[in-house]
Amino acid sequence: MLKLESVSIAYGAIQAVRNVDLEVNPGEVVTIIGANGAGKSTLLKGIAGLEKVVSGRILIDGEDKTGVPPHKRVNLGVALSPEGRGIFPDQTVRDNLLLGAYSRGSRDKTVNDTMEREFERFPRLKERQNQMAGTLSGGEQQMLAIARALMTKPRLLLLDEPSLGLAPLIIAEIFRTIRDLRKSGLTILLVEQMANQALAIADRAYVLETGRVTSQGTGSELLNDSKVRAAYLGNH
Ligand code: ATP
């Protein structure tokens, strides 16, 4: 579904992503783990078309989509739930979801059905649908960010640090949601600092260090890799 061939992304002189090769197959949950500043968010933004690729290629369904702008990638089935959530705090929950469906156009009569489906998945958003998004708790805002991305009806969901700043019980809920999404057939590329939980859920994983892929394997292979354990899982 997604293939990166030697992708590099830079901010001026800073090379944030260097020659990354990565693949995501249909139905997989793939995770990218790495320290702060390793280039994980930059990589997801590159896949979503929000950062320009300096060299290399991004293939979606086997076709070169490297230069395709973000809104057209949404139409190809790629949606990003960004780090820091990026919701509109002064809009209601409902309006945030409608904005998520913007790319589908005003003539799409199934937008309300999609919203109902998301309300079923996240009952708390339904209860709070007329509340300003900025007044939601951190966990609810994260759910809204995921639901908003799902409003585009993606085939590939890019999730950037969904657990960031949340309490353990809420993190467990977010990971449960990711499992349910996978069961429904959605393909997921997950960036996480909660490496333990991310590797436990992932079919495959990549470790990113200063912009480069330094290890890859199945989730359980990396969970049992002593170097990965020492660097990212806080034990040896
Ligand atoms: P974090 O978990 O802290 O978000 P990350 O792995 O997602 O880290 P990135 O945010 O992708 O890392 O950052 C990779 C590198 O690019 C870092 O050195 C960062 O300082 C730099 N960087 C990120 N965004 C910009 C920007 N807009 N302008 C300049 N440099 C940037």
# chains A, B, ... in the order shown; residues from 1 in each chain; ligands from 1
call {"tool": "residues_near_ligand", "arguments": {"ligand": "ligand 1", "cutoff": "12 Å", "atoms": "only C-alpha atoms and all ligand atoms", "output": "number ranges by chain"}}
result
A: 8-18, 32-46, 50-52, 82-84, 159-165, 190-195, 207-213
call {"tool": "write_last_selection", "arguments": {"atoms": "N, CA and C atoms", "output": "short mmCIF file (atom, residue, chain, number, x, y, z; two decimals), in the first residue's frame"}}
result
data_model
loop_
_atom_site.label_atom_id
_atom_site.label_comp_id
_atom_site.auth_asym_id
_atom_site.auth_seq_id
_atom_site.Cartn_x
_atom_site.Cartn_y
_atom_site.Cartn_z
N SER A 8 14.48 11.25 1.64
CA SER A 8 15.16 12.23 2.49
C SER A 8 14.32 13.50 2.56
N ILE A 9 14.28 14.09 3.76
CA ILE A 9 13.55 15.34 3.97
C ILE A 9 14.43 16.26 4.80
N ALA A 10 14.50 17.55 4.42
CA ALA A 10 15.39 18.47 5.13
C ALA A 10 14.66 19.76 5.47
N TYR A 11 15.08 20.37 6.58
CA TYR A 11 14.67 21.75 6.92
C TYR A 11 15.91 22.59 6.73
N GLY A 12 16.06 23.24 5.60
CA GLY A 12 17.29 23.96 5.31
C GLY A 12 18.47 23.01 5.38
N ALA A 13 19.41 23.33 6.26
CA ALA A 13 20.62 22.51 6.35
C ALA A 13 20.41 21.27 7.22
N ILE A 14 19.28 21.22 7.95
CA ILE A 14 19.05 20.07 8.85
C ILE A 14 18.40 18.94 8.07
N GLN A 15 19.13 17.83 7.96
CA GLN A 15 18.55 16.65 7.30
C GLN A 15 17.80 15.85 8.35
N ALA A 16 16.47 15.98 8.35
CA ALA A 16 15.67 15.34 9.40
C ALA A 16 15.40 13.87 9.10
N VAL A 17 15.31 13.52 7.81
CA VAL A 17 15.06 12.13 7.40
C VAL A 17 16.07 11.79 6.32
N ARG A 18 16.77 10.67 6.49
CA ARG A 18 17.87 10.34 5.56
C ARG A 18 17.69 8.95 4.94
N ILE A 32 6.80 3.14 14.01
CA ILE A 32 8.13 3.76 13.94
C ILE A 32 8.43 4.26 15.34
N ILE A 33 9.50 3.72 15.93
CA ILE A 33 9.88 4.22 17.25
C ILE A 33 11.21 4.95 17.14
N GLY A 34 11.50 5.78 18.12
CA GLY A 34 12.74 6.54 18.09
C GLY A 34 12.68 7.67 19.10
N ALA A 35 13.83 8.20 19.44
CA ALA A 35 13.91 9.25 20.46
C ALA A 35 13.33 10.57 19.93
N ASN A 36 13.23 11.54 20.84
CA ASN A 36 12.85 12.90 20.43
C ASN A 36 13.76 13.39 19.34
N GLY A 37 13.18 13.99 18.31
CA GLY A 37 14.01 14.60 17.26
C GLY A 37 14.59 13.62 16.27
N ALA A 38 14.18 12.34 16.33
CA ALA A 38 14.74 11.33 15.42
C ALA A 38 14.23 11.51 13.98
N GLY A 39 13.14 12.26 13.83
CA GLY A 39 12.61 12.50 12.49
C GLY A 39 11.29 11.80 12.21
N LYS A 40 10.66 11.26 13.27
CA LYS A 40 9.44 10.46 13.09
C LYS A 40 8.29 11.31 12.55
N SER A 41 8.07 12.46 13.19
CA SER A 41 6.95 13.33 12.73
C SER A 41 7.21 13.83 11.33
N THR A 42 8.46 14.18 11.06
CA THR A 42 8.81 14.68 9.73
C THR A 42 8.49 13.62 8.66
N LEU A 43 8.79 12.37 8.99
CA LEU A 43 8.54 11.29 8.05
C LEU A 43 7.04 11.16 7.77
N LEU A 44 6.23 11.20 8.83
CA LEU A 44 4.78 11.09 8.62
C LEU A 44 4.27 12.27 7.81
N LYS A 45 4.80 13.47 8.09
CA LYS A 45 4.36 14.66 7.32
C LYS A 45 4.75 14.50 5.86
N GLY A 46 5.92 13.95 5.62
CA GLY A 46 6.34 13.70 4.24
C GLY A 46 5.38 12.75 3.53
N LEU A 50 2.89 16.94 3.57
CA LEU A 50 3.00 18.23 4.24
C LEU A 50 4.44 18.73 4.35
N GLU A 51 5.40 17.85 4.11
CA GLU A 51 6.80 18.28 4.00
C GLU A 51 7.32 17.76 2.67
N LYS A 52 8.15 18.57 2.04
CA LYS A 52 8.64 18.21 0.72
C LYS A 52 9.77 17.18 0.82
N PRO A 82 -2.34 14.29 13.45
CA PRO A 82 -1.02 14.85 13.77
C PRO A 82 -0.67 14.88 15.25
N GLU A 83 0.63 14.96 15.51
CA GLU A 83 1.11 15.15 16.88
C GLU A 83 0.57 16.50 17.37
N GLY A 84 0.24 16.56 18.66
CA GLY A 84 -0.32 17.80 19.18
C GLY A 84 -1.76 17.98 18.73
N LEU A 159 -0.73 7.81 12.37
CA LEU A 159 -1.02 8.27 13.74
C LEU A 159 0.27 8.75 14.38
N ASP A 160 0.33 10.05 14.68
CA ASP A 160 1.55 10.61 15.26
C ASP A 160 1.40 10.78 16.77
N GLU A 161 2.09 9.94 17.52
CA GLU A 161 2.15 10.01 18.99
C GLU A 161 0.78 10.17 19.64
N PRO A 162 -0.13 9.23 19.41
CA PRO A 162 -1.47 9.40 20.01
C PRO A 162 -1.47 9.36 21.53
N SER A 163 -0.40 8.81 22.15
CA SER A 163 -0.42 8.68 23.61
C SER A 163 0.18 9.90 24.31
N LEU A 164 0.70 10.85 23.53
CA LEU A 164 1.48 11.94 24.10
C LEU A 164 0.72 12.72 25.19
N GLY A 165 1.30 12.80 26.36
CA GLY A 165 0.77 13.61 27.45
C GLY A 165 -0.48 13.06 28.11
N LEU A 190 2.03 3.89 12.78
CA LEU A 190 1.95 4.50 14.11
C LEU A 190 3.32 4.97 14.56
N VAL A 191 3.43 6.26 14.87
CA VAL A 191 4.65 6.79 15.46
C VAL A 191 4.43 6.89 16.97
N GLU A 192 5.35 6.34 17.75
CA GLU A 192 5.12 6.33 19.20
C GLU A 192 6.42 6.41 19.98
N GLN A 193 6.33 7.07 21.14
CA GLN A 193 7.44 6.99 22.08
C GLN A 193 7.18 5.91 23.13
N MET A 194 5.91 5.51 23.25
CA MET A 194 5.57 4.39 24.14
C MET A 194 5.96 3.11 23.41
N ALA A 195 7.28 2.86 23.32
CA ALA A 195 7.76 1.80 22.44
C ALA A 195 7.23 0.42 22.84
N VAL A 207 13.06 1.26 13.67
CA VAL A 207 13.66 2.17 14.63
C VAL A 207 14.35 3.27 13.84
N LEU A 208 14.04 4.52 14.20
CA LEU A 208 14.62 5.67 13.52
C LEU A 208 15.60 6.36 14.48
N GLU A 209 16.83 6.58 14.02
CA GLU A 209 17.82 7.31 14.83
C GLU A 209 18.42 8.39 13.96
N THR A 210 18.35 9.64 14.43
CA THR A 210 18.82 10.81 13.66
C THR A 210 18.52 10.66 12.16
N GLY A 211 17.26 10.38 11.90
CA GLY A 211 16.77 10.38 10.52
C GLY A 211 16.98 9.10 9.74
N ARG A 212 17.71 8.14 10.30
CA ARG A 212 17.97 6.89 9.55
C ARG A 212 17.27 5.70 10.21
N VAL A 213 16.91 4.73 9.38
CA VAL A 213 16.40 3.47 9.92
C VAL A 213 17.60 2.64 10.38
#
call {"tool": "residues_around", "arguments": {"residues": "Thr92 (chain A)", "least_positions_apart": "2", "cutoff": "8 Å", "atoms": "only C-alpha atoms", "output": "PyMOL selection string"}}
result
chain A and resi 89-90+94-96+129-133
call {"tool": "write_last_selection", "arguments": {"atoms": "N, CA and C atoms", "output": "compact mmCIF listing (two decimals), in the first residue's frame"}}
result
# COMPACT_ATOMS: atom_id res chain seq x y z
N PRO A 89 -9.74 24.49 18.39
CA PRO A 89 -10.28 24.57 19.75
C PRO A 89 -11.56 25.39 19.85
N ASP A 90 -11.74 26.38 18.96
CA ASP A 90 -12.92 27.25 19.07
C ASP A 90 -14.08 26.77 18.20
N ARG A 94 -18.54 18.58 16.76
CA ARG A 94 -19.24 18.23 15.51
C ARG A 94 -18.61 18.95 14.31
N ASP A 95 -18.33 20.25 14.48
CA ASP A 95 -17.76 21.01 13.36
C ASP A 95 -16.34 20.55 13.03
N ASN A 96 -15.58 20.16 14.07
CA ASN A 96 -14.24 19.60 13.80
C ASN A 96 -14.37 18.35 12.93
N GLN A 129 -20.77 16.58 21.51
CA GLN A 129 -20.69 17.04 20.12
C GLN A 129 -20.90 18.54 19.95
N ASN A 130 -21.61 19.18 20.89
CA ASN A 130 -21.83 20.63 20.75
C ASN A 130 -20.89 21.46 21.61
N GLN A 131 -19.95 20.78 22.25
CA GLN A 131 -18.98 21.47 23.13
C GLN A 131 -17.79 21.95 22.28
N MET A 132 -17.19 23.09 22.69
CA MET A 132 -16.00 23.57 21.98
C MET A 132 -14.87 22.55 22.18
N ALA A 133 -14.17 22.25 21.11
CA ALA A 133 -13.15 21.19 21.17
C ALA A 133 -12.05 21.54 22.18
call {"tool": "closest_residue", "arguments": {"among": "A:Val53, A:Ile201, A:Met143, A:Leu169", "to": "Lys183 (chain A)", "atoms": "only C-alpha atoms"}}
result
A:Ile201
call {"tool": "residues_around", "arguments": {"residues": "region 144-146 of chain A", "least_positions_apart": "4", "cutoff": "10 Å", "atoms": "only C-alpha atoms", "output": "compact mmCIF listing (two decimals) with N, CA, C and O atoms, in the first residue's frame"}}
result
# COMPACT_ATOMS: atom_id res chain seq x y z
N ALA A 79 -4.66 9.45 5.53
CA ALA A 79 -5.06 10.50 6.47
C ALA A 79 -4.09 10.56 7.64
O ALA A 79 -3.64 9.53 8.14
N LEU A 80 -3.78 11.77 8.07
CA LEU A 80 -2.85 11.99 9.18
C LEU A 80 -3.60 12.51 10.41
O LEU A 80 -4.36 13.47 10.31
N SER A 81 -3.36 11.86 11.55
CA SER A 81 -3.79 12.41 12.83
C SER A 81 -2.52 12.96 13.47
O SER A 81 -1.68 12.19 13.94
N PRO A 82 -2.34 14.29 13.45
CA PRO A 82 -1.02 14.85 13.77
C PRO A 82 -0.67 14.88 15.25
O PRO A 82 -1.55 14.84 16.10
N GLU A 83 0.63 14.96 15.51
CA GLU A 83 1.11 15.15 16.88
C GLU A 83 0.57 16.50 17.37
O GLU A 83 0.47 17.45 16.61
N GLY A 84 0.24 16.56 18.66
CA GLY A 84 -0.32 17.80 19.18
C GLY A 84 -1.76 17.98 18.73
O GLY A 84 -2.39 18.98 19.02
N ARG A 85 -2.26 16.98 17.99
CA ARG A 85 -3.69 16.82 17.66
C ARG A 85 -4.25 17.77 16.62
O ARG A 85 -5.12 17.40 15.86
N GLY A 86 -3.80 19.04 16.59
CA GLY A 86 -4.22 19.94 15.51
C GLY A 86 -5.71 20.14 15.35
O GLY A 86 -6.19 20.43 14.26
N ILE A 87 -6.45 20.00 16.46
CA ILE A 87 -7.90 20.25 16.34
C ILE A 87 -8.16 21.76 16.40
O ILE A 87 -7.28 22.52 16.77
N PHE A 88 -9.37 22.16 16.04
CA PHE A 88 -9.73 23.58 16.09
C PHE A 88 -10.43 23.83 17.42
O PHE A 88 -11.59 23.45 17.59
N VAL A 93 -17.10 20.05 18.62
CA VAL A 93 -16.66 18.70 18.26
C VAL A 93 -17.25 18.32 16.91
O VAL A 93 -16.57 17.83 16.01
N ARG A 94 -18.54 18.58 16.76
CA ARG A 94 -19.24 18.23 15.51
C ARG A 94 -18.61 18.95 14.31
O ARG A 94 -18.37 18.35 13.27
N ASN A 96 -15.58 20.16 14.07
CA ASN A 96 -14.24 19.60 13.80
C ASN A 96 -14.37 18.35 12.93
O ASN A 96 -13.59 18.15 12.00
N LEU A 97 -15.36 17.52 13.23
CA LEU A 97 -15.54 16.29 12.44
C LEU A 97 -15.97 16.63 11.01
O LEU A 97 -15.49 16.03 10.05
N GLY A 100 -13.16 17.61 9.03
CA GLY A 100 -12.40 16.42 8.63
C GLY A 100 -12.92 15.85 7.33
O GLY A 100 -12.16 15.27 6.54
N GLU A 118 -18.47 7.27 13.79
CA GLU A 118 -17.42 7.73 14.71
C GLU A 118 -17.99 8.00 16.10
O GLU A 118 -17.32 7.77 17.10
N PHE A 119 -19.23 8.48 16.16
CA PHE A 119 -19.88 8.69 17.46
C PHE A 119 -20.10 7.36 18.18
O PHE A 119 -20.03 7.27 19.40
N PHE A 122 -16.66 6.43 19.45
CA PHE A 122 -16.23 7.31 20.55
C PHE A 122 -17.47 7.96 21.18
O PHE A 122 -17.76 9.14 20.91
N ARG A 124 -18.05 9.28 23.90
CA ARG A 124 -17.83 10.53 24.62
C ARG A 124 -17.86 11.73 23.69
O ARG A 124 -18.26 12.83 24.05
N LEU A 125 -17.46 11.53 22.44
CA LEU A 125 -17.53 12.63 21.47
C LEU A 125 -18.99 12.93 21.12
O LEU A 125 -19.36 14.07 20.88
N ALA A 133 -14.17 22.25 21.11
CA ALA A 133 -13.15 21.19 21.17
C ALA A 133 -12.05 21.54 22.18
O ALA A 133 -11.49 20.65 22.83
N LEU A 136 -12.34 20.12 25.74
CA LEU A 136 -12.28 18.67 25.99
C LEU A 136 -11.03 18.32 26.80
O LEU A 136 -10.04 19.06 26.76
N GLY A 138 -7.58 16.07 27.52
CA GLY A 138 -6.52 15.67 26.58
C GLY A 138 -6.87 14.38 25.84
O GLY A 138 -6.69 14.27 24.62
N GLY A 139 -7.40 13.40 26.57
CA GLY A 139 -7.75 12.12 25.96
C GLY A 139 -8.87 12.29 24.94
O GLY A 139 -8.83 11.69 23.85
N GLU A 140 -9.86 13.10 25.30
CA GLU A 140 -10.98 13.33 24.37
C GLU A 140 -10.50 14.07 23.12
O GLU A 140 -10.95 13.78 22.00
N LEU A 150 -10.47 9.91 10.58
CA LEU A 150 -11.29 8.81 10.05
C LEU A 150 -12.47 9.32 9.21
O LEU A 150 -13.03 8.58 8.41
N MET A 151 -12.84 10.59 9.41
CA MET A 151 -13.93 11.19 8.62
C MET A 151 -13.60 11.23 7.13
O MET A 151 -14.48 11.37 6.29
N LEU A 157 -4.08 5.01 7.83
CA LEU A 157 -4.12 6.04 8.86
C LEU A 157 -2.72 6.25 9.42
O LEU A 157 -2.07 5.29 9.87
N LEU A 158 -2.26 7.50 9.39
CA LEU A 158 -0.96 7.86 9.95
C LEU A 158 -1.22 8.47 11.32
O LEU A 158 -1.87 9.51 11.42
N LEU A 159 -0.73 7.81 12.37
CA LEU A 159 -1.02 8.27 13.74
C LEU A 159 0.27 8.75 14.38
O LEU A 159 1.18 7.95 14.62
N ASP A 160 0.33 10.05 14.68
CA ASP A 160 1.55 10.61 15.26
C ASP A 160 1.40 10.78 16.77
O ASP A 160 0.66 11.65 17.23
N PRO A 162 -0.13 9.23 19.41
CA PRO A 162 -1.47 9.40 20.01
C PRO A 162 -1.47 9.36 21.53
O PRO A 162 -2.41 9.85 22.14
N ILE A 174 -6.69 4.39 24.10
CA ILE A 174 -6.25 4.74 22.74
C ILE A 174 -5.71 3.50 22.03
O ILE A 174 -6.03 3.24 20.87
N THR A 177 -8.45 1.33 20.91
CA THR A 177 -9.04 1.88 19.68
C THR A 177 -8.21 1.46 18.47
O THR A 177 -8.76 1.07 17.43
N ILE A 178 -6.88 1.54 18.61
CA ILE A 178 -6.01 1.16 17.48
C ILE A 178 -6.23 -0.31 17.12
O ILE A 178 -6.33 -0.68 15.95
call {"tool": "atom_distance", "arguments": {"atom1": "CA of Ser55 (chain A)", "atom2": "CA of Arg73 (chain A)"}}
result
18.5 Å
call {"tool": "atom_distance", "arguments": {"atom1": "CA of Glu173 (chain A)", "atom2": "CA of Gln197 (chain A)"}}
result
11.9 Å
call {"tool": "select_by_dssp", "arguments": {"residues": "region 21-159 of chain A", "states": "strand (DSSP E)", "output": "MDAnalysis selection string"}}
result
chainID A and resid 21:24 29:33 55:60 63:64 78:81 156:159
call {"tool": "residues_around", "arguments": {"residues": "Asn224 (chain A)", "least_positions_apart": "5", "cutoff": "12 Å", "atoms": "only C-alpha atoms", "output": "short mmCIF file (atom, residue, chain, number, x, y, z; two decimals) with N, CA and C atoms, in the first residue's frame"}}
result
data_model
loop_
_atom_site.label_atom_id
_atom_site.label_comp_id
_atom_site.auth_asym_id
_atom_site.auth_seq_id
_atom_site.Cartn_x
_atom_site.Cartn_y
_atom_site.Cartn_z
N ASN A 196 7.14 0.19 24.14
CA ASN A 196 6.66 -1.12 24.61
C ASN A 196 5.30 -1.46 24.04
N LEU A 199 5.23 -1.63 20.08
CA LEU A 199 5.80 -2.87 19.53
C LEU A 199 4.87 -4.05 19.81
N ALA A 200 4.18 -4.01 20.95
CA ALA A 200 3.28 -5.12 21.29
C ALA A 200 2.11 -5.19 20.32
N GLY A 217 12.08 -5.03 11.96
CA GLY A 217 11.72 -6.43 12.19
C GLY A 217 10.27 -6.52 12.60
N THR A 218 9.86 -7.71 13.03
CA THR A 218 8.50 -7.83 13.53
C THR A 218 8.45 -7.14 14.89
N GLY A 219 7.25 -6.80 15.34
CA GLY A 219 7.11 -6.16 16.64
C GLY A 219 7.78 -7.00 17.72
N ARG A 229 15.83 -2.82 23.49
CA ARG A 229 15.36 -2.81 24.88
C ARG A 229 16.14 -1.78 25.70
N ALA A 230 17.46 -1.76 25.51
CA ALA A 230 18.30 -0.84 26.29
C ALA A 230 17.99 0.61 25.93
N TYR A 232 15.22 1.95 24.19
CA TYR A 232 13.86 2.49 24.11
C TYR A 232 12.88 1.90 25.12
N LEU A 233 13.26 0.80 25.75
CA LEU A 233 12.28 0.16 26.62
C LEU A 233 12.68 0.27 28.09
N ASN A 235 15.03 -1.04 29.77
CA ASN A 235 15.62 -2.18 30.49
C ASN A 235 16.56 -2.95 29.57
N HIS A 236 17.25 -3.95 30.09
CA HIS A 236 18.29 -4.59 29.29
C HIS A 236 17.99 -6.06 29.02
#
call {"tool": "residues_around", "arguments": {"residues": "Glu63 (chain A)", "least_positions_apart": "3", "cutoff": "10 Å", "atoms": "only C-alpha atoms", "output": "JSON, numbers by chain"}}
result
{"A": [1, 2, 3, 57, 58, 59, 60, 66]}
call {"tool": "atom_distance", "arguments": {"atom1": "CA of Ser103 (chain A)", "atom2": "CA of Leu4 (chain A)"}}
result
24.6 Å
call {"tool": "closest_residue", "arguments": {"among": "A:Asn25, A:Asn19, A:Thr31, A:Thr114", "to": "Gln216 (chain A)", "atoms": "only C-alpha atoms"}}
result
A:Thr31
call {"tool": "decode", "arguments": {"residues": "region 160-187 of chain A", "atoms": "N, CA and C atoms", "output": "JSON list (two decimals), in the first residue's frame"}}
result
[["chain", "number", "residue", "atom", "x", "y", "z"],
["A", 160, "ASP", "N", 0.33, 10.05, 14.68],
["A", 160, "ASP", "CA", 1.55, 10.61, 15.26],
["A", 160, "ASP", "C", 1.40, 10.78, 16.77],
["A", 161, "GLU", "N", 2.09, 9.94, 17.52],
["A", 161, "GLU", "CA", 2.15, 10.01, 18.99],
["A", 161, "GLU", "C", 0.78, 10.17, 19.64],
["A", 162, "PRO", "N", -0.13, 9.23, 19.41],
["A", 162, "PRO", "CA", -1.47, 9.40, 20.01],
["A", 162, "PRO", "C", -1.47, 9.36, 21.53],
["A", 163, "SER", "N", -0.40, 8.81, 22.15],
["A", 163, "SER", "CA", -0.42, 8.68, 23.61],
["A", 163, "SER", "C", 0.18, 9.90, 24.31],
["A", 164, "LEU", "N", 0.70, 10.85, 23.53],
["A", 164, "LEU", "CA", 1.48, 11.94, 24.10],
["A", 164, "LEU", "C", 0.72, 12.72, 25.19],
["A", 165, "GLY", "N", 1.30, 12.80, 26.36],
["A", 165, "GLY", "CA", 0.77, 13.61, 27.45],
["A", 165, "GLY", "C", -0.48, 13.06, 28.11],
["A", 166, "LEU", "N", -0.82, 11.78, 27.85],
["A", 166, "LEU", "CA", -2.05, 11.24, 28.41],
["A", 166, "LEU", "C", -1.78, 10.31, 29.59],
["A", 167, "ALA", "N", -2.78, 10.19, 30.46],
["A", 167, "ALA", "CA", -2.67, 9.31, 31.63],
["A", 167, "ALA", "C", -2.74, 7.85, 31.18],
["A", 168, "PRO", "N", -2.13, 6.92, 31.98],
["A", 168, "PRO", "CA", -2.06, 5.52, 31.57],
["A", 168, "PRO", "C", -3.40, 4.88, 31.19],
["A", 169, "LEU", "N", -4.46, 5.20, 31.94],
["A", 169, "LEU", "CA", -5.76, 4.59, 31.61],
["A", 169, "LEU", "C", -6.26, 5.04, 30.25],
["A", 170, "ILE", "N", -6.01, 6.31, 29.93],
["A", 170, "ILE", "CA", -6.46, 6.86, 28.64],
["A", 170, "ILE", "C", -5.60, 6.27, 27.52],
["A", 171, "ILE", "N", -4.30, 6.11, 27.82],
["A", 171, "ILE", "CA", -3.41, 5.51, 26.80],
["A", 171, "ILE", "C", -3.90, 4.10, 26.47],
["A", 172, "ALA", "N", -4.30, 3.36, 27.50],
["A", 172, "ALA", "CA", -4.81, 2.00, 27.26],
["A", 172, "ALA", "C", -6.03, 2.05, 26.35],
["A", 173, "GLU", "N", -6.86, 3.05, 26.55],
["A", 173, "GLU", "CA", -8.07, 3.20, 25.73],
["A", 173, "GLU", "C", -7.70, 3.52, 24.27],
["A", 174, "ILE", "N", -6.69, 4.39, 24.10],
["A", 174, "ILE", "CA", -6.25, 4.74, 22.74],
["A", 174, "ILE", "C", -5.71, 3.50, 22.03],
["A", 175, "PHE", "N", -4.92, 2.70, 22.74],
["A", 175, "PHE", "CA", -4.37, 1.48, 22.12],
["A", 175, "PHE", "C", -5.48, 0.47, 21.81],
["A", 176, "ARG", "N", -6.51, 0.44, 22.65],
["A", 176, "ARG", "CA", -7.66, -0.43, 22.36],
["A", 176, "ARG", "C", -8.32, 0.01, 21.06],
["A", 177, "THR", "N", -8.45, 1.33, 20.91],
["A", 177, "THR", "CA", -9.04, 1.88, 19.68],
["A", 177, "THR", "C", -8.21, 1.46, 18.47],
["A", 178, "ILE", "N", -6.88, 1.54, 18.61],
["A", 178, "ILE", "CA", -6.01, 1.16, 17.48],
["A", 178, "ILE", "C", -6.23, -0.31, 17.12],
["A", 179, "ARG", "N", -6.35, -1.16, 18.15],
["A", 179, "ARG", "CA", -6.61, -2.60, 17.88],
["A", 179, "ARG", "C", -7.93, -2.78, 17.15],
["A", 180, "ASP", "N", -8.95, -2.06, 17.59],
["A", 180, "ASP", "CA", -10.28, -2.18, 16.95],
["A", 180, "ASP", "C", -10.21, -1.71, 15.49],
["A", 181, "LEU", "N", -9.46, -0.63, 15.27],
["A", 181, "LEU", "CA", -9.35, -0.11, 13.89],
["A", 181, "LEU", "C", -8.67, -1.14, 13.00],
["A", 182, "ARG", "N", -7.64, -1.80, 13.55],
["A", 182, "ARG", "CA", -6.96, -2.82, 12.76],
["A", 182, "ARG", "C", -7.93, -3.96, 12.43],
["A", 183, "LYS", "N", -8.72, -4.35, 13.44],
["A", 183, "LYS", "CA", -9.70, -5.45, 13.22],
["A", 183, "LYS", "C", -10.66, -5.09, 12.10],
["A", 184, "SER", "N", -10.97, -3.79, 12.00],
["A", 184, "SER", "CA", -11.92, -3.37, 10.95],
["A", 184, "SER", "C", -11.24, -3.33, 9.58],
["A", 185, "GLY", "N", -9.95, -3.66, 9.52],
["A", 185, "GLY", "CA", -9.28, -3.76, 8.22],
["A", 185, "GLY", "C", -8.44, -2.55, 7.85],
["A", 186, "LEU", "N", -8.41, -1.54, 8.73],
["A", 186, "LEU", "CA", -7.64, -0.34, 8.42],
["A", 186, "LEU", "C", -6.14, -0.62, 8.54],
["A", 187, "THR", "N", -5.37, -0.04, 7.65],
["A", 187, "THR", "CA", -3.91, -0.14, 7.70],
["A", 187, "THR", "C", -3.40, 1.07, 8.50]]
